[in-house]
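This is entry29.cif (mmCIF, C-alpha atoms and all ligand atoms).
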```cif
data_structure
loop_
_atom_site.label_atom_id
_atom_site.label_comp_id
_atom_site.auth_asym_id
_atom_site.auth_seq_id
_atom_site.Cartn_x
_atom_site.Cartn_y
_atom_site.Cartn_z
CA MET A 194 34.20 -29.81 -124.16
CA VAL A 195 33.25 -27.45 -127.04
CA SER A 196 33.82 -28.98 -130.48
CA ALA A 197 36.21 -27.05 -132.73
CA GLY A 198 34.33 -28.43 -135.75
CA LEU A 199 37.48 -29.21 -137.71
CA ARG A 200 37.26 -30.93 -141.06
CA ILE A 201 39.73 -33.44 -142.42
CA PRO A 202 40.19 -34.03 -146.14
CA GLU A 203 39.05 -37.08 -148.04
CA VAL A 204 41.99 -39.43 -148.05
CA ALA A 205 43.55 -41.81 -150.56
CA ALA A 206 43.53 -45.43 -149.44
CA GLY A 207 47.11 -45.89 -150.53
CA ALA A 208 50.10 -44.24 -152.14
CA ARG A 209 52.31 -45.51 -154.94
CA ILE A 210 55.38 -44.49 -156.89
CA LEU A 211 54.66 -43.26 -160.40
CA ALA A 212 58.28 -43.05 -161.57
CA PHE A 213 61.92 -42.80 -160.56
CA GLY A 214 64.66 -40.55 -161.92
CA ASP A 215 68.41 -40.36 -161.38
CA TYR A 216 71.44 -38.22 -162.00
CA ARG A 217 75.08 -39.26 -161.96
CA PRO A 218 77.70 -36.52 -162.29
CA ALA A 219 79.88 -36.80 -165.41
CA LYS A 220 83.24 -37.18 -163.69
CA VAL A 221 84.26 -40.82 -163.18
CA VAL A 222 86.97 -41.54 -160.59
CA THR A 223 88.40 -45.06 -160.75
CA ASN A 224 90.21 -46.94 -158.00
CA ASP A 225 93.42 -46.56 -159.99
CA ASP A 226 92.88 -42.79 -160.02
CA LEU A 227 92.70 -42.82 -156.21
CA ALA A 228 95.74 -45.10 -155.91
CA LYS A 229 97.84 -42.34 -157.49
CA SER A 230 97.51 -40.17 -154.38
CA ILE A 231 96.76 -42.54 -151.46
CA ASP A 232 98.08 -45.92 -150.32
CA THR A 233 95.38 -48.19 -151.76
CA ASP A 234 94.78 -50.41 -154.77
CA ASP A 235 92.01 -51.55 -157.05
CA ALA A 236 92.03 -55.15 -155.75
CA TRP A 237 91.60 -54.07 -152.09
CA ILE A 238 88.71 -51.71 -152.84
CA ARG A 239 86.91 -54.20 -155.09
CA SER A 240 87.24 -57.10 -152.66
CA ARG A 241 86.50 -55.20 -149.42
CA VAL A 242 83.90 -52.71 -150.61
CA GLY A 243 82.83 -53.78 -154.12
CA ILE A 244 83.44 -50.41 -155.78
CA ALA A 245 85.14 -50.21 -159.19
CA GLU A 246 84.51 -46.52 -159.84
CA ARG A 247 82.43 -43.64 -158.51
CA ARG A 248 81.03 -40.32 -159.73
CA ILE A 249 82.22 -37.02 -158.28
CA ALA A 250 80.29 -33.78 -158.83
CA ALA A 251 81.85 -30.72 -160.45
CA ASP A 252 82.67 -27.71 -158.25
CA ASP A 253 79.56 -25.89 -159.47
CA GLU A 254 77.25 -28.88 -158.92
CA GLY A 255 75.80 -28.71 -155.41
CA ILE A 256 72.93 -30.54 -153.70
CA VAL A 257 70.38 -28.35 -155.52
CA GLU A 258 71.90 -28.88 -158.96
CA LEU A 259 72.06 -32.65 -158.49
CA GLY A 260 68.52 -32.68 -157.12
CA VAL A 261 67.16 -30.64 -160.02
CA HIS A 262 68.54 -33.14 -162.54
CA ALA A 263 67.18 -36.22 -160.73
CA GLY A 264 63.89 -34.60 -159.69
CA GLY A 265 63.30 -33.25 -163.20
CA LYS A 266 63.85 -36.67 -164.69
CA ALA A 267 61.48 -38.36 -162.21
CA LEU A 268 58.86 -35.72 -162.93
CA ALA A 269 59.23 -36.18 -166.72
CA ASN A 270 59.03 -39.98 -166.31
CA SER A 271 55.88 -39.64 -164.18
CA GLY A 272 53.95 -37.77 -166.86
CA LEU A 273 52.84 -35.19 -164.27
CA ALA A 274 53.27 -31.44 -164.69
CA PRO A 275 55.16 -29.30 -162.14
CA SER A 276 51.81 -27.81 -161.12
CA ASP A 277 50.64 -31.27 -160.00
CA ILE A 278 53.32 -31.45 -157.27
CA ASP A 279 52.38 -29.92 -153.94
CA LEU A 280 55.13 -31.26 -151.67
CA VAL A 281 58.88 -31.64 -152.22
CA ILE A 282 61.00 -33.56 -149.69
CA LEU A 283 64.76 -33.63 -150.18
CA ALA A 284 66.83 -36.09 -148.17
CA THR A 285 70.47 -35.14 -147.69
CA CYS A 286 73.22 -35.41 -145.09
CA SER A 287 75.92 -33.64 -147.09
CA ALA A 288 74.43 -30.18 -147.55
CA GLU A 289 76.85 -27.32 -148.08
CA SER A 290 74.67 -24.89 -146.12
CA PRO A 291 71.94 -25.25 -143.48
CA MET A 292 69.43 -22.80 -144.99
CA PRO A 293 67.35 -22.17 -146.97
CA SER A 294 66.09 -25.68 -147.58
CA HIS A 295 67.43 -27.29 -150.73
CA ALA A 296 63.94 -28.67 -151.39
CA ALA A 297 62.53 -25.14 -151.84
CA ALA A 298 65.31 -24.22 -154.29
CA VAL A 299 64.89 -27.44 -156.30
CA ALA A 300 61.12 -26.89 -156.47
CA HIS A 301 61.63 -23.34 -157.71
CA ARG A 302 64.13 -24.45 -160.36
CA LEU A 303 61.70 -27.12 -161.59
CA GLY A 304 58.85 -24.61 -161.88
CA ILE A 305 56.86 -26.16 -159.05
CA ASP A 306 54.79 -23.32 -157.70
CA ALA A 307 54.38 -22.84 -153.92
CA PRO A 308 54.76 -26.45 -152.77
CA GLY A 309 55.39 -27.55 -149.22
CA ALA A 310 59.17 -28.03 -149.23
CA PHE A 311 61.62 -29.27 -146.64
CA ASP A 312 64.91 -31.12 -146.25
CA LEU A 313 65.16 -34.28 -144.21
CA ASN A 314 68.29 -35.78 -142.67
CA ALA A 315 68.36 -39.45 -141.79
CA ALA A 316 71.75 -39.95 -143.48
CA CYS A 317 71.89 -43.09 -145.64
CA ALA A 318 68.35 -44.04 -144.55
CA GLY A 319 67.10 -40.62 -145.71
CA PHE A 320 65.37 -41.67 -148.92
CA CYS A 321 63.34 -44.39 -147.15
CA TYR A 322 62.40 -41.91 -144.39
CA ALA A 323 61.35 -39.37 -147.03
CA LEU A 324 59.35 -41.97 -148.95
CA GLY A 325 57.56 -43.03 -145.76
CA THR A 326 56.78 -39.39 -144.99
CA ALA A 327 55.54 -38.76 -148.56
CA SER A 328 53.31 -41.82 -148.45
CA ALA A 329 51.81 -40.69 -145.13
CA ALA A 330 51.23 -37.15 -146.46
CA VAL A 331 49.35 -38.45 -149.50
CA ARG A 332 47.27 -40.87 -147.46
CA ALA A 333 46.44 -38.15 -144.92
CA GLY A 334 45.31 -35.76 -147.64
CA SER A 335 48.15 -33.28 -146.95
CA ALA A 336 49.49 -33.61 -150.51
CA ARG A 337 48.23 -34.97 -153.83
CA ASN A 338 51.60 -35.68 -155.42
CA VAL A 339 55.02 -35.58 -153.77
CA LEU A 340 58.47 -35.28 -155.30
CA VAL A 341 60.92 -37.20 -153.10
CA ILE A 342 64.62 -36.63 -153.73
CA GLY A 343 67.83 -38.05 -152.27
CA SER A 344 70.71 -35.72 -153.21
CA GLU A 345 74.25 -36.04 -151.90
CA LYS A 346 77.59 -34.38 -152.50
CA MET A 347 79.63 -36.50 -150.09
CA SER A 348 82.86 -35.44 -151.83
CA GLN A 349 82.75 -32.02 -150.16
CA TRP A 350 82.95 -33.64 -146.71
CA LEU A 351 85.79 -36.06 -147.53
CA ASP A 352 89.41 -35.91 -146.47
CA TRP A 353 90.99 -37.02 -149.74
CA THR A 354 94.07 -38.25 -147.85
CA ASP A 355 92.00 -40.60 -145.63
CA ARG A 356 91.93 -43.94 -147.43
CA THR A 357 89.33 -45.38 -145.05
CA THR A 358 86.63 -42.96 -146.28
CA CYS A 359 87.57 -41.30 -149.58
CA ILE A 360 87.46 -44.61 -151.47
CA ILE A 361 83.88 -45.25 -150.35
CA PHE A 362 81.70 -42.15 -150.64
CA ALA A 363 80.52 -40.48 -153.84
CA ASP A 364 78.03 -38.01 -155.32
CA GLY A 365 74.68 -38.34 -157.08
CA ALA A 366 70.92 -37.90 -156.78
CA GLY A 367 67.83 -40.04 -157.24
CA ALA A 368 64.15 -39.17 -157.03
CA ALA A 369 60.64 -40.59 -157.09
CA VAL A 370 57.16 -39.16 -157.66
CA VAL A 371 54.55 -40.39 -155.17
CA THR A 372 50.81 -40.18 -155.78
CA GLY A 373 47.60 -41.41 -154.19
CA SER A 374 46.04 -44.70 -155.29
CA ASP A 375 43.23 -47.06 -154.41
CA GLU A 376 45.64 -49.99 -154.21
CA PRO A 377 48.60 -49.47 -151.84
CA GLY A 378 51.90 -49.34 -153.74
CA ILE A 379 54.09 -48.31 -150.80
CA GLY A 380 54.02 -50.64 -147.81
CA PRO A 381 54.31 -49.53 -144.17
CA VAL A 382 57.71 -48.06 -143.33
CA VAL A 383 59.66 -49.73 -140.54
CA TRP A 384 62.01 -47.07 -139.20
CA GLY A 385 64.15 -46.54 -136.17
CA SER A 386 67.55 -45.62 -134.86
CA ASP A 387 70.19 -46.95 -132.51
CA GLY A 388 71.43 -43.87 -130.67
CA GLU A 389 74.16 -45.78 -128.84
CA GLY A 390 76.05 -45.74 -132.12
CA PHE A 391 75.32 -42.07 -132.90
CA ASP A 392 79.03 -41.23 -133.33
CA LYS A 393 80.04 -44.28 -135.40
CA ILE A 394 79.61 -42.29 -138.63
CA ILE A 395 79.97 -38.58 -138.06
CA ILE A 396 80.93 -35.15 -139.35
CA PRO A 397 81.47 -33.56 -135.91
CA ASP A 398 81.40 -29.91 -137.02
CA ARG A 399 81.62 -27.65 -140.07
CA HIS A 400 85.44 -27.73 -140.06
CA SER A 401 85.69 -31.54 -140.02
CA PHE A 402 85.50 -34.37 -142.51
CA ILE A 403 83.39 -37.52 -142.43
CA ARG A 404 84.72 -40.21 -140.08
CA GLN A 405 83.42 -43.70 -139.54
CA GLU A 406 84.25 -46.74 -137.43
CA GLY A 407 84.05 -49.06 -140.39
CA GLN A 408 84.17 -52.42 -138.65
CA ALA A 409 81.60 -51.48 -135.98
CA VAL A 410 79.20 -50.18 -138.63
CA PHE A 411 79.82 -53.27 -140.76
CA ARG A 412 78.90 -55.57 -137.82
CA TRP A 413 75.76 -53.54 -137.06
CA ALA A 414 74.65 -53.44 -140.70
CA THR A 415 75.12 -57.18 -141.20
CA THR A 416 73.25 -58.13 -138.02
CA ALA A 417 70.62 -55.46 -137.20
CA ILE A 418 69.27 -54.62 -140.66
CA ALA A 419 67.99 -57.94 -142.03
CA PRO A 420 65.37 -58.21 -139.22
CA VAL A 421 64.16 -54.69 -140.12
CA ALA A 422 63.89 -55.73 -143.78
CA LEU A 423 61.97 -58.87 -142.85
CA GLU A 424 59.59 -56.84 -140.68
CA ALA A 425 58.90 -54.51 -143.63
CA CYS A 426 57.99 -57.57 -145.75
CA GLU A 427 55.82 -58.97 -142.97
CA ARG A 428 53.98 -55.65 -142.48
CA ALA A 429 53.42 -55.30 -146.24
CA GLY A 430 52.14 -58.89 -146.44
CA VAL A 431 54.79 -59.87 -148.99
CA ALA A 432 56.75 -63.12 -148.64
CA PRO A 433 60.52 -62.67 -149.25
CA GLN A 434 60.44 -65.26 -152.04
CA ASP A 435 57.90 -63.09 -153.91
CA LEU A 436 60.20 -60.04 -154.00
CA ALA A 437 61.37 -59.19 -157.52
CA ALA A 438 64.12 -56.90 -156.24
CA ILE A 439 65.99 -56.05 -153.08
CA VAL A 440 67.59 -52.63 -152.96
CA PRO A 441 69.68 -52.14 -149.83
CA HIS A 442 71.56 -48.87 -149.31
CA GLN A 443 74.69 -49.22 -151.43
CA ALA A 444 77.19 -49.10 -148.54
CA ASN A 445 79.37 -52.10 -149.26
CA LEU A 446 78.75 -55.05 -151.59
CA ARG A 447 79.54 -57.48 -148.78
CA ILE A 448 76.85 -55.86 -146.59
CA ILE A 449 74.36 -55.87 -149.50
CA GLU A 450 74.96 -59.57 -150.13
CA ALA A 451 74.74 -60.42 -146.41
CA ILE A 452 71.37 -58.67 -146.08
CA ALA A 453 70.03 -60.34 -149.25
CA ARG A 454 71.17 -63.76 -147.97
CA LYS A 455 69.50 -63.26 -144.59
CA VAL A 456 66.24 -62.01 -146.11
CA LYS A 457 66.19 -65.14 -148.32
CA ALA A 458 64.73 -63.22 -151.25
CA VAL A 459 65.65 -66.12 -153.50
CA ASN A 460 63.93 -64.81 -156.63
CA ALA A 461 64.98 -61.19 -156.25
CA VAL A 462 67.48 -59.22 -158.31
CA VAL A 463 69.93 -57.72 -155.80
CA ALA A 464 70.92 -54.10 -156.50
CA ASP A 465 74.66 -53.65 -157.04
CA ASP A 466 74.82 -50.06 -158.27
CA ILE A 467 77.68 -49.47 -155.79
CA VAL A 468 80.08 -51.07 -158.30
CA HIS A 469 79.89 -48.06 -160.61
CA SER A 470 78.34 -45.37 -158.40
CA GLY A 471 80.06 -45.82 -155.01
CA ASN A 472 78.30 -45.08 -151.74
CA THR A 473 76.06 -42.06 -152.35
CA SER A 474 74.37 -42.17 -148.92
CA GLY A 475 70.72 -41.00 -149.12
CA ALA A 476 70.82 -41.06 -152.93
CA SER A 477 71.95 -44.65 -153.34
CA ILE A 478 68.55 -46.39 -153.22
CA PRO A 479 66.73 -44.30 -155.87
CA LEU A 480 69.89 -44.30 -158.01
CA ALA A 481 69.98 -48.09 -157.90
CA MET A 482 66.23 -48.49 -158.41
CA SER A 483 66.25 -46.11 -161.40
CA ARG A 484 69.01 -48.03 -163.11
CA MET A 485 67.34 -51.40 -162.53
CA ILE A 486 64.13 -50.10 -164.09
CA GLU A 487 65.91 -48.46 -167.02
CA ARG A 488 67.82 -51.63 -167.80
CA GLY A 489 64.64 -53.70 -167.64
CA ASP A 490 66.10 -55.83 -164.80
CA VAL A 491 62.82 -55.78 -162.86
CA PRO A 492 59.17 -56.17 -163.90
CA SER A 493 56.80 -53.25 -163.52
CA GLY A 494 54.15 -53.94 -160.87
CA ALA A 495 56.22 -56.44 -158.87
CA PRO A 496 57.26 -55.85 -155.24
CA ALA A 497 60.73 -54.52 -154.35
CA LEU A 498 62.23 -54.14 -150.88
CA LEU A 499 64.06 -50.89 -150.08
CA VAL A 500 66.36 -50.85 -147.01
CA GLY A 501 68.26 -47.78 -145.85
CA PHE A 502 70.78 -47.70 -142.98
CA GLY A 503 73.66 -45.52 -141.84
CA ALA A 504 74.66 -42.64 -139.56
CA GLY A 505 72.45 -42.14 -136.57
CA LEU A 506 72.57 -45.10 -136.53
CA SER A 507 69.31 -44.77 -138.47
CA TYR A 508 67.45 -47.29 -140.55
CA ALA A 509 64.22 -47.57 -142.55
CA ALA A 510 62.70 -50.15 -144.87
CA GLN A 511 59.54 -50.55 -146.92
CA VAL A 512 58.21 -52.71 -149.75
CA ILE A 513 57.17 -50.81 -152.87
CA GLN A 514 55.43 -51.73 -156.07
CA ILE A 515 57.90 -51.15 -158.94
CA PRO A 516 56.46 -48.46 -161.24
O1 LIG A 601 76.99 -45.68 -145.73
C1 LIG A 601 76.99 -45.61 -144.35
C2 LIG A 601 77.14 -46.97 -143.78
N1 LIG A 601 78.52 -47.34 -143.82
C3 LIG A 601 78.87 -48.62 -143.88
O2 LIG A 601 78.01 -49.45 -143.93
C4 LIG A 601 80.33 -48.95 -143.85
C5 LIG A 601 80.57 -50.25 -143.13
N2 LIG A 601 81.98 -50.64 -143.10
C6 LIG A 601 82.64 -51.06 -144.21
O3 LIG A 601 82.09 -51.08 -145.30
C7 LIG A 601 84.04 -51.58 -144.04
O4 LIG A 601 84.34 -51.70 -142.67
C8 LIG A 601 85.12 -50.69 -144.71
C9 LIG A 601 84.98 -50.77 -146.21
C10 LIG A 601 84.97 -49.25 -144.24
C11 LIG A 601 86.53 -51.19 -144.35
O5 LIG A 601 86.67 -52.56 -144.70
P1 LIG A 601 87.20 -53.61 -143.63
O6 LIG A 601 87.23 -54.92 -144.31
O7 LIG A 601 86.36 -53.51 -142.40
O8 LIG A 601 88.67 -53.11 -143.39
P2 LIG A 601 89.36 -52.74 -141.99
O9 LIG A 601 88.92 -51.41 -141.52
O10 LIG A 601 89.27 -53.91 -141.07
O11 LIG A 601 90.88 -52.63 -142.45
C12 LIG A 601 91.65 -53.79 -142.85
C13 LIG A 601 93.01 -53.32 -143.29
C14 LIG A 601 93.70 -52.37 -142.30
O12 LIG A 601 95.09 -52.65 -142.33
P3 LIG A 601 95.77 -53.54 -141.17
O13 LIG A 601 95.49 -52.80 -139.89
O14 LIG A 601 95.08 -54.87 -141.24
O15 LIG A 601 97.20 -53.56 -141.57
C15 LIG A 601 93.45 -51.02 -142.90
O16 LIG A 601 94.44 -50.07 -142.54
O17 LIG A 601 92.90 -52.60 -144.51
C16 LIG A 601 93.55 -51.33 -144.37
N3 LIG A 601 92.85 -50.36 -145.22
C17 LIG A 601 93.12 -50.22 -146.53
N4 LIG A 601 93.99 -50.84 -147.34
C18 LIG A 601 94.00 -50.46 -148.63
C19 LIG A 601 91.86 -49.51 -144.87
N5 LIG A 601 91.48 -48.80 -145.94
C20 LIG A 601 92.24 -49.23 -146.97
C21 LIG A 601 92.31 -48.88 -148.34
N6 LIG A 601 93.19 -49.51 -149.12
N7 LIG A 601 91.52 -47.93 -148.87
#
```

Can you dump the structure from the file as C-alpha cells?
Amino acid sequence: MVSAGLRIPEVAAGARILAFGDYRPAKVVTNDDLAKSIDTDDAWIRSRVGIAERRIAADDEGIVELGVHAGGKALANSGLAPSDIDLVILATCSAESPMPSHAAAVAHRLGIDAPGAFDLNAACAGFCYALGTASAAVRAGSARNVLVIGSEKMSQWLDWTDRTTCIIFADGAGAAVVTGSDEPGIGPVVWGSDGEGFDKIIIPDRHSFIRQEGQAVFRWATTAIAPVALEACERAGVAPQDLAAIVPHQANLRIIEAIARKVKAVNAVVADDIVHSGNTSGASIPLAMSRMIERGDVPSGAPALLVGFGAGLSYAAQVIQIP
C-alpha cells in the first residue's frame, strides 16, 4: 500500500478544566406561584422532587442568550481571551430551532473568531458528553482550548397545565473552559444509552410538549446510574472516599441522594442546586458545579464526580479536577 504521509499534531497528555461559569435567569417561580394555576402544593414538590423554586427565562432569552451569559462568565473566569478558544460545543435538548447551530451564534456573540462550533444533544447527559468530547479534542490536538456550554430553555417545551412536568423543569446555562495539560484533570468518560427506554422522556414532535414516565425513569436512575458513576471513578483511579464533590444531574433530590449513597462518597459534598434552580437538563451539572465553587464549598484541585443521565435514555460520567 502507498503511504499517504499524513502528519498528526503533537498532543497534550491530558486535559483539564480552567474555570466554570453560570447564568440563572432573573425570574424566580416558586412552588406557591405554580399552585395558583395547577393542582399542586409546596409540600408535595419539596418532598417528592426537592425543588423550592426555579428560574424561568424571559421571552427574549433563548438558548443563545443564556449560553452567551454562562460562556462569557466561564471565559472571563478562565483568564483566556476569546482568540484562545478554537472549539465551542453547546449541549442542549430544548433548542427553539434546529439550525444554525447555537454554538456558532454564541461564539460569534462572544467575539470568538472562526472556531469549530457545533451543538450536541444527549439531553440531561449532554454536558458530560460535551466535556468528554472536548477533552478528547484537546488530547488529540484538534483544539487548544474548548468552551463547553450546557444551555437549556425547558420552559418553552412545557405544558404549563401538566403538573407532572411543569413543576420539575427550568431554564439556565452553565459552561466550562477546557485546556490541555501535562497532568490529566478530566478522567475517562463512561458514556452509554439504554435505547429500550428511548420514549420514557420525550418531545415527540415540534407541536408537542415534554412528556415523561416519571416512575420508570426514577427506577432506572436509582438503579442503573450508580454503577456508571463507580466505573468512572475506577477508570480515573480515584477511590469514592477521596471525592470532594459529587455532582449528579439535578433531576430529583431523592435520585441525587440515592446515587450519592450507592457511590459511598462519604467525604463528598453532594450538589443540591435543584432546590433553587429546578431541573435544567443539560445545564444542571455546570450550574451546580459553578455555585459550589463560588460558595467555596469545594477545594480547588480536589476530584469531583460528574454524572449525567436522562432522555435517550442516555448517561455519562467522569471525574474532574475542580479548577
Ligand atoms: O431530567 C431527566 C430525568 N428525569 C428524572 O430523573 C425524573 C424521574 N422521576 C421523578 O423524579 C419522579 O417520578 C416525579 C417527580 C416525576 C414524580 O414523583 P413520584 O413520587 O414518582 O410521583 P408519582 O408519579 O408516583 O405520583 C404520585 C401521586 C399521583 O397521584 P395518585 O395517583 O397517587 O393519586 C400523582 O397524580 O402524585 C400525584 N402528582 C402530584 N401531586 C401534586 C403528580 N404530580 C403532582 C404534583 N403535585 N405536581

6 Å shell around ligand LIG 601 (chain A) using only C-alpha atoms and all ligand atoms, listed as a list in words: Thr233, Asp234, Trp237, Arg241, Val242, Cys317, Arg356, Thr357, Ile360, Gly407, Gln408, Val410, Phe411, Ala444, Asn445, Ser474 and Gly503 of chain A

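Counting only C-alpha atoms, the residue from A:Leu351, A:Ile231, A:Leu446, A:Leu324 that sits nearest to Ala510 in chain A is A:Leu324.
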
Can you work out the spacing between CA of Gly489 in chain A and CA of Ile418 in chain A in Å, to one decimal? 27.4 Å

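Minimum atom-to-atom distance to Ser386 in chain A, evaluated using only C-alpha atoms, belongs to A:Gly319 out of A:Pro496, A:Gly343, A:Pro433, A:Gly319.
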
Using all atoms listed in the file, find the one residue out of A:Asp312, A:Glu246, A:Asp306, A:Asp235 that sits nearest to Asp466 in chain A.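 With all atoms listed in the file as the atom set, the closest residue is A:Glu246.
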
Between A:Leu436, A:Ala267, A:Ala288, A:Leu273, which has the minimum distance to Lys346 in chain A (counting all atoms listed in the file)?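 Selected residue with least distance to Lys346 in chain A: A:Ala288.
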
Using only C-alpha atoms, which of the listed residues (A:Ala212, A:Ala429, A:Cys321, A:Ala310) sits closest to Pro516 in chain A? A:Ala212

Which of these residues is nearest to Gly304 in chain A, using all atoms listed in the file: A:Ala368, A:Ala461, A:Ile361, A:Ala274? A:Ala274

Could you name the residues that touch His301 in chain A at 12 Å or less, counting all atoms listed in the file, but leaving out those on the same chain fewer than 5 positions away, as a list in words? Val257, Glu258, Gly260, Val261, Gly264, Gly265, Pro275, Ser276, Ile278, Asp279, Leu280, Val281, Ser294, His295, Ala296, Asp306, Ala307, Pro308, Gly309 and Ala310 of chain A

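Here CA of Ser290 in chain A and CA of Glu254 in chain A stand 13.7 Å from one another.
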
What does the distance from CA of Arg447 in chain A to CA of Thr285 in chain A come to in Å, to one decimal?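 Result for CA of Arg447 in chain A versus CA of Thr285 in chain A: 24.1 Å, one decimal.
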
Using only C-alpha atoms, which residues sit within 7 Å of Pro381 in chain A once same-chain residues fewer than 5 positions away are excluded, as a list in words?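 The contact residues come out as Ala425, Arg428, Ala429 and Gln511 of chain A.
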
What are the nearest atom pairs, with distances in Å to one decimal, for all residues of range 197-254 of chain A that come at most 12 Å from range 327-330 of chain A, using all atoms listed in the file, set out by chain and rising residue number as a Markdown table?
```
| residue | atom | partner | partner_atom | distance |
| --- | --- | --- | --- | --- |
| A:Pro202 | CA | A:Ala330 | CA | 11.5 |
| A:Val204 | CA | A:Ala330 | CA | 9.6 |
| A:Ala205 | CA | A:Ala330 | CA | 9.9 |
| A:Ala206 | CA | A:Ala329 | CA | 10.5 |
| A:Gly207 | CA | A:Ser328 | CA | 7.7 |
| A:Ala208 | CA | A:Ser328 | CA | 5.5 |
| A:Arg209 | CA | A:Ser328 | CA | 7.5 |
| A:Ile210 | CA | A:Ser328 | CA | 9.1 |
```

Extract, using all atoms listed in the file, all DNA, RNA and protein residues at most 12 Å from range 313-316 of chain A, discarding same-chain residues fewer than 2 positions from it, and format them as a VMD selection string. chain A and resid 281 to 288 291 294 to 296 310 to 311 318 to 327 341 to 345 347 384 to 386 391 394 to 396 403 442 444 472 to 477 501 to 509

Adding 4 Å on each side of the box along x, y and z that holds all listed atoms of range 340-352 of chain A, could you give its centre and edge lengths in Å to one decimal, as lines of an AutoDock Vina configuration file?
```
center_x = 73.9
center_y = -35.0
center_z = -150.9
size_x = 38.9
size_y = 14.0
size_z = 16.8
```

Some atoms are absent from range 382-397 of chain A, so rebuild N, CA, C and O atoms and return them as a PDB file, in the coordinates of the input.
```
ATOM      1  N   VAL A 382      56.269 -48.246-143.575  1.00  0.00           N
ATOM      2  CA  VAL A 382      57.710 -48.060-143.330  1.00  0.00           C
ATOM      3  C   VAL A 382      58.031 -48.594-141.928  1.00  0.00           C
ATOM      4  O   VAL A 382      57.274 -48.400-140.977  1.00  0.00           O
ATOM      5  N   VAL A 383      59.135 -49.310-141.845  1.00  0.00           N
ATOM      6  CA  VAL A 383      59.660 -49.730-140.540  1.00  0.00           C
ATOM      7  C   VAL A 383      60.903 -48.890-140.319  1.00  0.00           C
ATOM      8  O   VAL A 383      61.871 -49.018-141.068  1.00  0.00           O
ATOM      9  N   TRP A 384      60.859 -47.966-139.386  1.00  0.00           N
ATOM     10  CA  TRP A 384      62.010 -47.070-139.200  1.00  0.00           C
ATOM     11  C   TRP A 384      62.407 -46.995-137.744  1.00  0.00           C
ATOM     12  O   TRP A 384      61.614 -47.272-136.842  1.00  0.00           O
ATOM     13  N   GLY A 385      63.657 -46.643-137.533  1.00  0.00           N
ATOM     14  CA  GLY A 385      64.150 -46.540-136.170  1.00  0.00           C
ATOM     15  C   GLY A 385      65.588 -46.061-136.169  1.00  0.00           C
ATOM     16  O   GLY A 385      66.146 -45.723-137.212  1.00  0.00           O
ATOM     17  N   SER A 386      66.160 -46.017-134.967  1.00  0.00           N
ATOM     18  CA  SER A 386      67.550 -45.620-134.860  1.00  0.00           C
ATOM     19  C   SER A 386      68.163 -46.207-133.600  1.00  0.00           C
ATOM     20  O   SER A 386      67.437 -46.496-132.641  1.00  0.00           O
ATOM     21  N   ASP A 387      69.463 -46.385-133.632  1.00  0.00           N
ATOM     22  CA  ASP A 387      70.190 -46.950-132.510  1.00  0.00           C
ATOM     23  C   ASP A 387      71.166 -45.879-132.017  1.00  0.00           C
ATOM     24  O   ASP A 387      72.304 -45.793-132.472  1.00  0.00           O
ATOM     25  N   GLY A 388      70.670 -45.041-131.104  1.00  0.00           N
ATOM     26  CA  GLY A 388      71.430 -43.870-130.670  1.00  0.00           C
ATOM     27  C   GLY A 388      72.742 -44.187-129.985  1.00  0.00           C
ATOM     28  O   GLY A 388      73.629 -43.340-129.922  1.00  0.00           O
ATOM     29  N   GLU A 389      72.877 -45.423-129.475  1.00  0.00           N
ATOM     30  CA  GLU A 389      74.160 -45.780-128.840  1.00  0.00           C
ATOM     31  C   GLU A 389      75.307 -45.651-129.815  1.00  0.00           C
ATOM     32  O   GLU A 389      76.440 -45.421-129.429  1.00  0.00           O
ATOM     33  N   GLY A 390      74.988 -45.818-131.104  1.00  0.00           N
ATOM     34  CA  GLY A 390      76.050 -45.740-132.120  1.00  0.00           C
ATOM     35  C   GLY A 390      76.046 -44.406-132.849  1.00  0.00           C
ATOM     36  O   GLY A 390      76.556 -44.311-133.968  1.00  0.00           O
ATOM     37  N   PHE A 391      75.517 -43.343-132.189  1.00  0.00           N
ATOM     38  CA  PHE A 391      75.320 -42.070-132.900  1.00  0.00           C
ATOM     39  C   PHE A 391      76.613 -41.503-133.471  1.00  0.00           C
ATOM     40  O   PHE A 391      76.599 -40.794-134.465  1.00  0.00           O
ATOM     41  N   ASP A 392      77.764 -41.822-132.857  1.00  0.00           N
ATOM     42  CA  ASP A 392      79.030 -41.230-133.330  1.00  0.00           C
ATOM     43  C   ASP A 392      79.861 -42.183-134.188  1.00  0.00           C
ATOM     44  O   ASP A 392      81.008 -41.894-134.485  1.00  0.00           O
ATOM     45  N   LYS A 393      79.263 -43.297-134.602  1.00  0.00           N
ATOM     46  CA  LYS A 393      80.040 -44.280-135.400  1.00  0.00           C
ATOM     47  C   LYS A 393      80.287 -43.792-136.831  1.00  0.00           C
ATOM     48  O   LYS A 393      81.254 -44.193-137.468  1.00  0.00           O
ATOM     49  N   ILE A 394      79.382 -42.968-137.338  1.00  0.00           N
ATOM     50  CA  ILE A 394      79.610 -42.290-138.630  1.00  0.00           C
ATOM     51  C   ILE A 394      79.263 -40.831-138.364  1.00  0.00           C
ATOM     52  O   ILE A 394      78.122 -40.525-138.002  1.00  0.00           O
ATOM     53  N   ILE A 395      80.227 -39.943-138.540  1.00  0.00           N
ATOM     54  CA  ILE A 395      79.970 -38.580-138.060  1.00  0.00           C
ATOM     55  C   ILE A 395      80.805 -37.533-138.804  1.00  0.00           C
ATOM     56  O   ILE A 395      81.936 -37.805-139.220  1.00  0.00           O
ATOM     57  N   ILE A 396      80.190 -36.368-139.003  1.00  0.00           N
ATOM     58  CA  ILE A 396      80.930 -35.150-139.350  1.00  0.00           C
ATOM     59  C   ILE A 396      80.736 -34.262-138.133  1.00  0.00           C
ATOM     60  O   ILE A 396      79.666 -33.666-137.951  1.00  0.00           O
ATOM     61  N   PRO A 397      81.711 -34.179-137.222  1.00  0.00           N
ATOM     62  CA  PRO A 397      81.470 -33.560-135.910  1.00  0.00           C
ATOM     63  C   PRO A 397      81.140 -32.074-135.964  1.00  0.00           C
ATOM     64  O   PRO A 397      80.384 -31.577-135.130  1.00  0.00           O
TER      65      PRO A 397
END
```
